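Since the structure comes first, as structure tokens, the remarks are kept for the end.
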Amino acid sequence: MSQPHLTVAAAPLEPVALAEQKIWDVPTRVFHWMLVLCFAGAWLTAESERTQLVHITLGYCAGALVLWRVLWGLVGSPYALFRDFVRSPVAALRYLRTYLPGSRVAPRRYLGHNPAGAWAVLGLLVLMALSVATGWWSYQSSAPEFAGALHELLTHALLLLIALHVLAVVATGRLHGESLVRAMWTGRKRALPEQGIRSSHSLIGLLLLVAIGALAGMLFTGRLPGLTN
């Protein structure tokens, strides 16, 4: 059964019983920060032939991480599940309207992703998957010339969405008086005891880290020539 994930604005509840609770499990946090590193590294190594293998390796690792997140969104812990945080576009727009000047409704505080942030997460996953796919396509000998241009276009779209996501994370955190970046690092947010997750799934997080590291090693050392040649 999904645990309750929504609380109203933090201030009225603060005197009652809010304390640091586990919200984000270890696999979700490992995924998040490894994807950040993979994308940043792939972007920084995209323009030089000397770093082409690094770029390809990081790109495939990003693709593997996206596949993992889709799986974890179906079977993972409560706040990582797609059914927990994905709402309709109407709900997302309704949530965004609460940020507009003159709104009579204060933006609600969500322990997991808010309705607008949920669509940003889905958009990032889709764009990342398409970027990896077009990157693979552009490296094929028979690829048309526009494959590389499409890959570059998708990368720019990703950069734009990431920038918007970061701005939203900062703005939302300031509004509710908390650091969402810190929460994704520690896994903890202020919540009622019954709203915390029961397990951090640390072993699964460790296995994910090891698996992505092993994949990177095999790609970089040429043990998967079908993907890197």
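Ordering of the structure tokens sets the chain letters (A, B, ...); residue numbers start at 1 within each chain; ligands are numbered from 1 in the order shown.
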
For range 132-149 of chain A: contacts at 9 Å, only C-alpha atoms, fewer than 4 positions along chain excluded, given as a compact mmCIF listing (two decimals) with C-alpha atoms, in the first residue's frame:
```txt
# COMPACT_ATOMS: atom_id res chain seq x y z
CA ILE A 56 30.22 6.93 -25.53
CA GLY A 59 26.20 7.88 -22.70
CA TYR A 60 25.51 4.15 -22.49
CA ALA A 62 23.15 7.08 -18.71
CA GLY A 63 20.92 4.91 -20.88
CA LEU A 127 14.86 13.10 -23.46
CA MET A 128 17.79 11.22 -21.96
CA LEU A 153 19.25 19.12 -30.59
CA LEU A 154 18.05 16.68 -27.96
CA LEU A 227 28.58 -0.91 -28.63
CA THR A 228 31.79 1.09 -28.86
CA ASN A 229 33.09 0.33 -32.37
```

Handout entry: Polymer residues at most 10 Å from range 19-27 of chain A, only C-alpha atoms, same-chain spacing of 5 or more positions, as a PyMOL selection string
Key = chain A and resi 5+14+32+68-69+72+76-80+111-112+183-209

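Between CA of Gly217 in chain A and CA of Gly73 in chain A lies a distance of 26.3 Å.
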
Using only C-alpha atoms, tabulate the residues of range 105-134 of chain A lying at most 8 Å from any atom of range 160-168 of chain A, each with its closest atom pair and that distance in Å to one decimal, by chain and increasing residue number, as a Markdown table.
```
| residue | atom | partner | partner_atom | distance |
| --- | --- | --- | --- | --- |
| A:Gly117 | CA | A:His165 | CA | 7.5 |
| A:Ala120 | CA | A:His165 | CA | 6.8 |
| A:Gly123 | CA | A:Leu161 | CA | 7.9 |
| A:Leu124 | CA | A:Leu161 | CA | 7.1 |
```

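The spacing separating CA of Thr155 in chain A from CA of His55 in chain A amounts to 12.9 Å.
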
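With distances restricted to only C-alpha atoms, A:Ala118 is the closest residue to Leu93 in chain A from A:Ala118, A:Val169, A:Leu159, A:Val70.
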
Practice task
Have a look at CA of Leu130 in chain A and CA of His151 in chain A and let me know their distance in Å, one decimal.
Solution key: 8.0 Å
